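Colleague: Dropping in final.txt, which is compact mmCIF, C-alpha atoms:
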```txt
# COMPACT_ATOMS: atom_id res chain seq x y z
CA MET A 1 153.82 69.49 228.78
CA ASN A 2 153.00 71.61 225.75
CA ASP A 3 151.20 74.88 224.99
CA ARG A 4 147.79 73.22 224.88
CA SER A 5 148.19 71.58 228.28
CA PHE A 6 149.27 74.84 229.94
CA LEU A 7 146.44 76.69 228.19
CA GLN A 8 144.05 74.08 229.53
CA GLN A 9 145.28 74.85 233.05
CA ALA A 10 144.57 78.54 232.44
CA ILE A 11 141.09 77.70 231.11
CA ASP A 12 140.45 75.49 234.16
CA LEU A 13 141.42 78.42 236.41
CA ALA A 14 139.01 80.66 234.47
CA ASN A 15 136.16 78.20 234.96
CA ARG A 16 136.91 77.85 238.67
CA SER A 17 137.00 81.62 238.92
CA VAL A 18 133.46 81.84 237.55
CA ASP A 19 132.35 79.13 239.99
CA GLU A 20 133.81 81.19 242.87
CA GLY A 21 132.17 84.44 241.75
CA GLY A 22 135.15 85.93 239.91
CA GLY A 23 135.60 86.91 236.29
CA PRO A 24 136.02 84.31 233.50
CA PHE A 25 139.79 84.60 233.15
CA GLY A 26 142.73 82.42 234.22
CA THR A 27 146.48 82.54 233.71
CA VAL A 28 149.53 80.38 234.39
CA ILE A 29 153.17 81.38 234.01
CA VAL A 30 155.66 78.67 233.11
CA ARG A 31 159.45 78.58 233.30
CA GLN A 32 161.44 75.55 232.15
CA GLY A 33 158.29 73.44 231.97
CA LEU A 34 157.12 74.22 235.52
CA VAL A 35 154.22 76.45 236.55
CA ILE A 36 155.68 79.25 238.66
CA GLY A 37 152.59 81.46 238.90
CA ARG A 38 148.82 81.15 238.77
CA GLY A 39 146.05 83.69 238.77
CA ASN A 40 142.39 84.12 238.17
CA ASN A 41 140.32 87.27 237.80
CA ARG A 42 139.39 88.72 241.21
CA VAL A 43 138.28 92.22 240.17
CA THR A 44 134.80 92.02 241.69
CA LEU A 45 135.78 89.69 244.53
CA ASP A 46 138.52 92.04 245.78
CA ASN A 47 137.05 95.33 244.50
CA ASP A 48 140.33 95.84 242.68
CA PRO A 49 140.25 96.86 239.00
CA THR A 50 143.86 95.66 238.61
CA ALA A 51 143.16 92.12 239.87
CA HIS A 52 143.10 90.60 236.39
CA ALA A 53 144.23 86.98 236.05
CA GLU A 54 147.48 87.97 234.35
CA MET A 55 148.31 90.52 237.06
CA GLN A 56 147.55 87.97 239.77
CA ALA A 57 149.75 85.36 238.08
CA ILE A 58 152.61 87.84 237.63
CA ARG A 59 152.39 88.80 241.31
CA ASP A 60 152.30 85.14 242.33
CA ALA A 61 155.28 84.20 240.15
CA CYS A 62 157.36 87.19 241.26
CA ARG A 63 156.71 86.37 244.93
CA LYS A 64 157.63 82.72 244.43
CA GLU A 65 160.72 83.51 242.33
CA ASN A 66 161.68 86.42 244.61
CA ASN A 67 162.37 88.48 241.50
CA PHE A 68 160.57 91.19 239.56
CA SER A 69 161.89 89.76 236.29
CA LEU A 70 160.16 86.75 234.80
CA SER A 71 162.53 86.42 231.85
CA ASP A 72 162.72 82.95 230.35
CA SER A 73 159.03 82.42 231.10
CA VAL A 74 155.85 81.98 229.10
CA LEU A 75 152.45 83.35 230.10
CA TYR A 76 149.42 81.23 229.19
CA ALA A 77 146.10 83.08 229.38
CA SER A 78 142.59 81.80 228.90
CA CYS A 79 141.91 85.00 226.94
CA GLU A 80 143.88 87.61 225.03
CA PRO A 81 145.42 90.01 227.59
CA CYS A 82 144.06 93.54 227.91
CA PRO A 83 146.25 96.65 227.49
CA MET A 84 146.99 96.92 231.24
CA CYS A 85 148.05 93.29 231.44
CA MET A 86 150.16 93.51 228.28
CA ALA A 87 152.03 96.45 229.80
CA ALA A 88 152.69 94.42 232.97
CA ILE A 89 153.81 91.46 230.83
CA TYR A 90 156.38 93.69 229.13
CA TRP A 91 157.55 95.11 232.49
CA ALA A 92 157.92 91.56 233.85
CA ARG A 93 160.11 90.64 230.86
CA ILE A 94 157.99 87.61 229.99
CA GLU A 95 159.31 86.15 226.74
CA ARG A 96 156.16 84.78 225.15
CA VAL A 97 152.39 84.97 225.53
CA VAL A 98 149.98 82.25 224.43
CA PHE A 99 146.22 82.79 224.75
CA ALA A 100 143.08 80.82 223.97
CA ALA A 101 140.00 83.05 223.56
CA SER A 102 140.32 86.24 221.54
CA GLY A 103 139.46 89.80 222.49
CA GLU A 104 136.39 89.40 220.29
CA ASP A 105 135.29 86.40 222.35
CA ALA A 106 135.68 88.56 225.48
CA ARG A 107 133.69 91.41 223.89
CA ARG A 108 130.79 89.06 223.19
CA ALA A 109 130.78 88.21 226.91
CA GLY A 110 130.73 91.90 227.88
CA PHE A 111 134.46 92.57 228.37
CA ASP A 112 135.39 95.21 225.80
CA ASP A 113 138.76 96.93 226.19
CA ARG A 114 139.03 98.41 222.68
CA TRP A 115 138.07 101.86 223.98
CA ILE A 116 140.93 101.79 226.52
CA ALA A 117 143.44 100.68 223.88
CA ARG A 118 142.35 103.52 221.59
CA GLN A 119 142.52 106.07 224.42
CA LEU A 120 146.10 105.09 225.29
CA CYS A 121 147.20 105.81 221.72
CA GLN A 122 145.77 109.33 221.75
CA PRO A 123 147.76 112.44 222.69
CA TYR A 124 146.83 113.61 226.20
CA ALA A 125 144.83 116.56 224.85
CA GLU A 126 142.59 114.23 222.86
CA ARG A 127 141.78 111.71 225.60
CA SER A 128 138.42 111.65 227.34
CA LEU A 129 140.23 111.53 230.71
CA PRO A 130 142.05 114.80 231.41
CA VAL A 131 145.78 114.15 231.81
CA GLU A 132 148.03 117.08 232.67
CA GLN A 133 151.65 117.60 233.62
CA CYS A 134 152.30 120.02 236.44
CA ALA A 135 156.02 120.51 237.03
CA CYS A 136 156.44 121.73 240.59
CA GLU A 137 159.51 122.36 242.72
CA GLY A 138 161.50 119.17 243.18
CA PHE A 139 159.57 117.43 240.40
CA ASP A 140 162.61 115.37 239.41
CA SER A 141 164.31 115.03 242.81
CA SER A 142 163.51 111.33 243.18
CA PHE A 143 164.99 110.65 239.73
CA ARG A 144 168.17 112.56 240.57
CA LYS A 145 168.40 110.67 243.86
CA TRP A 146 167.91 107.34 242.02
CA MET A 147 170.55 108.15 239.40
CA ALA A 148 173.07 108.97 242.15
CA LEU A 149 172.66 105.58 243.85
CA ALA A 150 175.65 103.33 243.39
CA ASP A 151 173.96 100.11 244.50
CA LYS A 152 170.57 100.35 242.77
CA THR A 153 168.88 97.43 241.07
CA PRO A 154 168.16 98.57 237.51
CA TYR A 155 165.02 97.46 235.78
```
Show this structure as structure tokens.
Modeller:
Amino acid sequence: MNDRSFLQQAIDLANRSVDEGGGPFGTVIVRQGLVIGRGNNRVTLDNDPTAHAEMQAIRDACRKENNFSLSDSVLYASCEPCPMCMAAIYWARIERVVFAASGEDARRAGFDDRWIARQLCQPYAERSLPVEQCACEGFDSSFRKWMALADKTPY
């Protein structure tokens, strides 16, 4: 199998998603030539704004692999991942991303995430969504507790 064949699987998932009432996005995650995770956009079906195809595929692969790390894997997406999904891709340690449709293609279909990407680059004081730090008593107690653990699983 090659990039194009795995991308075709992601595109097929996107088309099935539309047929089932979901968004037009599909993703497969591949490790050593085998698909270990699949996902399609379920935002409106599940009333979950985080249920993007990439997030669904990451969750599926992590469950199947019984591991939060998807190192040595490639994510194939029917469309360029949004900022939220790219952050999750980095957290999952995925080594490579290959996508078919561009963000511009998504914008033409009504899916425009440029505003979110710009907002995330702004200092908190300049964002349209108020974001404030409020340091209260014990604000770092969970971090101190975590750092003291001898048998923690670092990530």
Colleague: Considering all atoms listed in the file, can you say which of A:Cys82, A:Ala100, A:Cys121, A:Val28 comes closest to Ala57 (chain A)?
Modeller: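 For Ala57 (chain A), the nearest of the candidates is A:Val28.
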Colleague: Using CA of Ala109 (chain A) and CA of Val18 (chain A) as the two end points, give the distance in Å to one decimal.
Modeller: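 That distance, rounded to one decimal, is 12.7 Å.
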Colleague: Can you measure CA of Phe143 (chain A) to CA of Ser69 (chain A) for me? One decimal in Å is fine.
Modeller: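 Value for the CA of Phe143 (chain A)-CA of Ser69 (chain A) distance: 21.4 Å.
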Colleague: Would you compute an axis-aligned box for region 77-89 of chain A, covering every atom listed for it in the file with 5 Å of margin on each side, and report centre and edge lengths in Å to one decimal as JSON?
Modeller:
```
{"center_x": 147.9, "center_y": 89.4, "center_z": 229.0, "size_x": 21.9, "size_y": 25.1, "size_z": 17.9}
```
Colleague: Give me the residues within 8 Å of region 114-119 of chain A as a short mmCIF file (atom, residue, chain, number, x, y, z; two decimals) with C-alpha atoms, keeping the file's coordinate frame, counting only C-alpha atoms and dropping any in the same chain fewer than 5 places off.
Modeller:
```
data_model
loop_
_atom_site.label_atom_id
_atom_site.label_comp_id
_atom_site.auth_asym_id
_atom_site.auth_seq_id
_atom_site.Cartn_x
_atom_site.Cartn_y
_atom_site.Cartn_z
CA PRO A 83 146.25 96.65 227.49
CA ARG A 127 141.78 111.71 225.60
CA SER A 128 138.42 111.65 227.34
#
```
Colleague: Given the choices A:Ile29, A:Ser17, A:Arg42, A:Gly23, which gets closest to Phe99 (chain A) if the distance is worked out from only C-alpha atoms?
Modeller: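 Among the listed residues, A:Ile29 lies closest to Phe99 (chain A).
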Colleague: If we count all atoms listed in the file and set the cut-off at 10 Å, which residues sit around Pro24 (chain A), ignoring sequence neighbours fewer than 6 positions away in its own chain? Please answer as a PyMOL selection string.
Modeller: chain A and resi 11-18+40-42+52-53+78-79+106+109+111
Colleague: Separation of CA of Leu75 (chain A) and CA of Met1 (chain A), in Å?
Modeller: 14.0 Å
Colleague: Kindly write N, CA and C atoms of region 5-18 of chain A from the structure just given to a file, as a PDB file, in the first residue's frame.
Modeller:
```
ATOM      1  N   SER A   5      -3.189   5.108  -1.717  1.00  0.00           N
ATOM      2  CA  SER A   5      -4.204   4.106  -1.356  1.00  0.00           C
ATOM      3  C   SER A   5      -4.746   4.365   0.048  1.00  0.00           C
ATOM      4  N   PHE A   6      -3.890   4.787   0.980  1.00  0.00           N
ATOM      5  CA  PHE A   6      -4.382   5.106   2.318  1.00  0.00           C
ATOM      6  C   PHE A   6      -5.209   6.390   2.304  1.00  0.00           C
ATOM      7  N   LEU A   7      -4.781   7.362   1.482  1.00  0.00           N
ATOM      8  CA  LEU A   7      -5.592   8.578   1.332  1.00  0.00           C
ATOM      9  C   LEU A   7      -6.957   8.242   0.752  1.00  0.00           C
ATOM     10  N   GLN A   8      -6.999   7.318  -0.179  1.00  0.00           N
ATOM     11  CA  GLN A   8      -8.285   6.927  -0.765  1.00  0.00           C
ATOM     12  C   GLN A   8      -9.197   6.332   0.305  1.00  0.00           C
ATOM     13  N   GLN A   9      -8.629   5.572   1.231  1.00  0.00           N
ATOM     14  CA  GLN A   9      -9.439   5.035   2.329  1.00  0.00           C
ATOM     15  C   GLN A   9     -10.016   6.162   3.182  1.00  0.00           C
ATOM     16  N   ALA A  10      -9.204   7.192   3.435  1.00  0.00           N
ATOM     17  CA  ALA A  10      -9.684   8.340   4.202  1.00  0.00           C
ATOM     18  C   ALA A  10     -10.794   9.073   3.444  1.00  0.00           C
ATOM     19  N   ILE A  11     -10.613   9.224   2.150  1.00  0.00           N
ATOM     20  CA  ILE A  11     -11.633   9.896   1.319  1.00  0.00           C
ATOM     21  C   ILE A  11     -12.916   9.066   1.297  1.00  0.00           C
ATOM     22  N   ASP A  12     -12.784   7.747   1.212  1.00  0.00           N
ATOM     23  CA  ASP A  12     -13.962   6.871   1.251  1.00  0.00           C
ATOM     24  C   ASP A  12     -14.710   7.025   2.573  1.00  0.00           C
ATOM     25  N   LEU A  13     -13.965   7.123   3.684  1.00  0.00           N
ATOM     26  CA  LEU A  13     -14.595   7.345   4.988  1.00  0.00           C
ATOM     27  C   LEU A  13     -15.329   8.688   5.010  1.00  0.00           C
ATOM     28  N   ALA A  14     -14.723   9.709   4.405  1.00  0.00           N
ATOM     29  CA  ALA A  14     -15.360  11.029   4.350  1.00  0.00           C
ATOM     30  C   ALA A  14     -16.668  10.968   3.572  1.00  0.00           C
ATOM     31  N   ASN A  15     -16.674  10.273   2.456  1.00  0.00           N
ATOM     32  CA  ASN A  15     -17.889  10.153   1.662  1.00  0.00           C
ATOM     33  C   ASN A  15     -18.975   9.367   2.396  1.00  0.00           C
ATOM     34  N   ARG A  16     -18.571   8.297   3.071  1.00  0.00           N
ATOM     35  CA  ARG A  16     -19.541   7.532   3.878  1.00  0.00           C
ATOM     36  C   ARG A  16     -20.095   8.379   5.010  1.00  0.00           C
ATOM     37  N   SER A  17     -19.239   9.218   5.579  1.00  0.00           N
ATOM     38  CA  SER A  17     -19.663  10.093   6.664  1.00  0.00           C
ATOM     39  C   SER A  17     -20.784  11.024   6.193  1.00  0.00           C
ATOM     40  N   VAL A  18     -20.611  11.603   5.016  1.00  0.00           N
ATOM     41  CA  VAL A  18     -21.656  12.469   4.455  1.00  0.00           C
ATOM     42  C   VAL A  18     -22.937  11.671   4.241  1.00  0.00           C
TER      43      VAL A  18
END
```
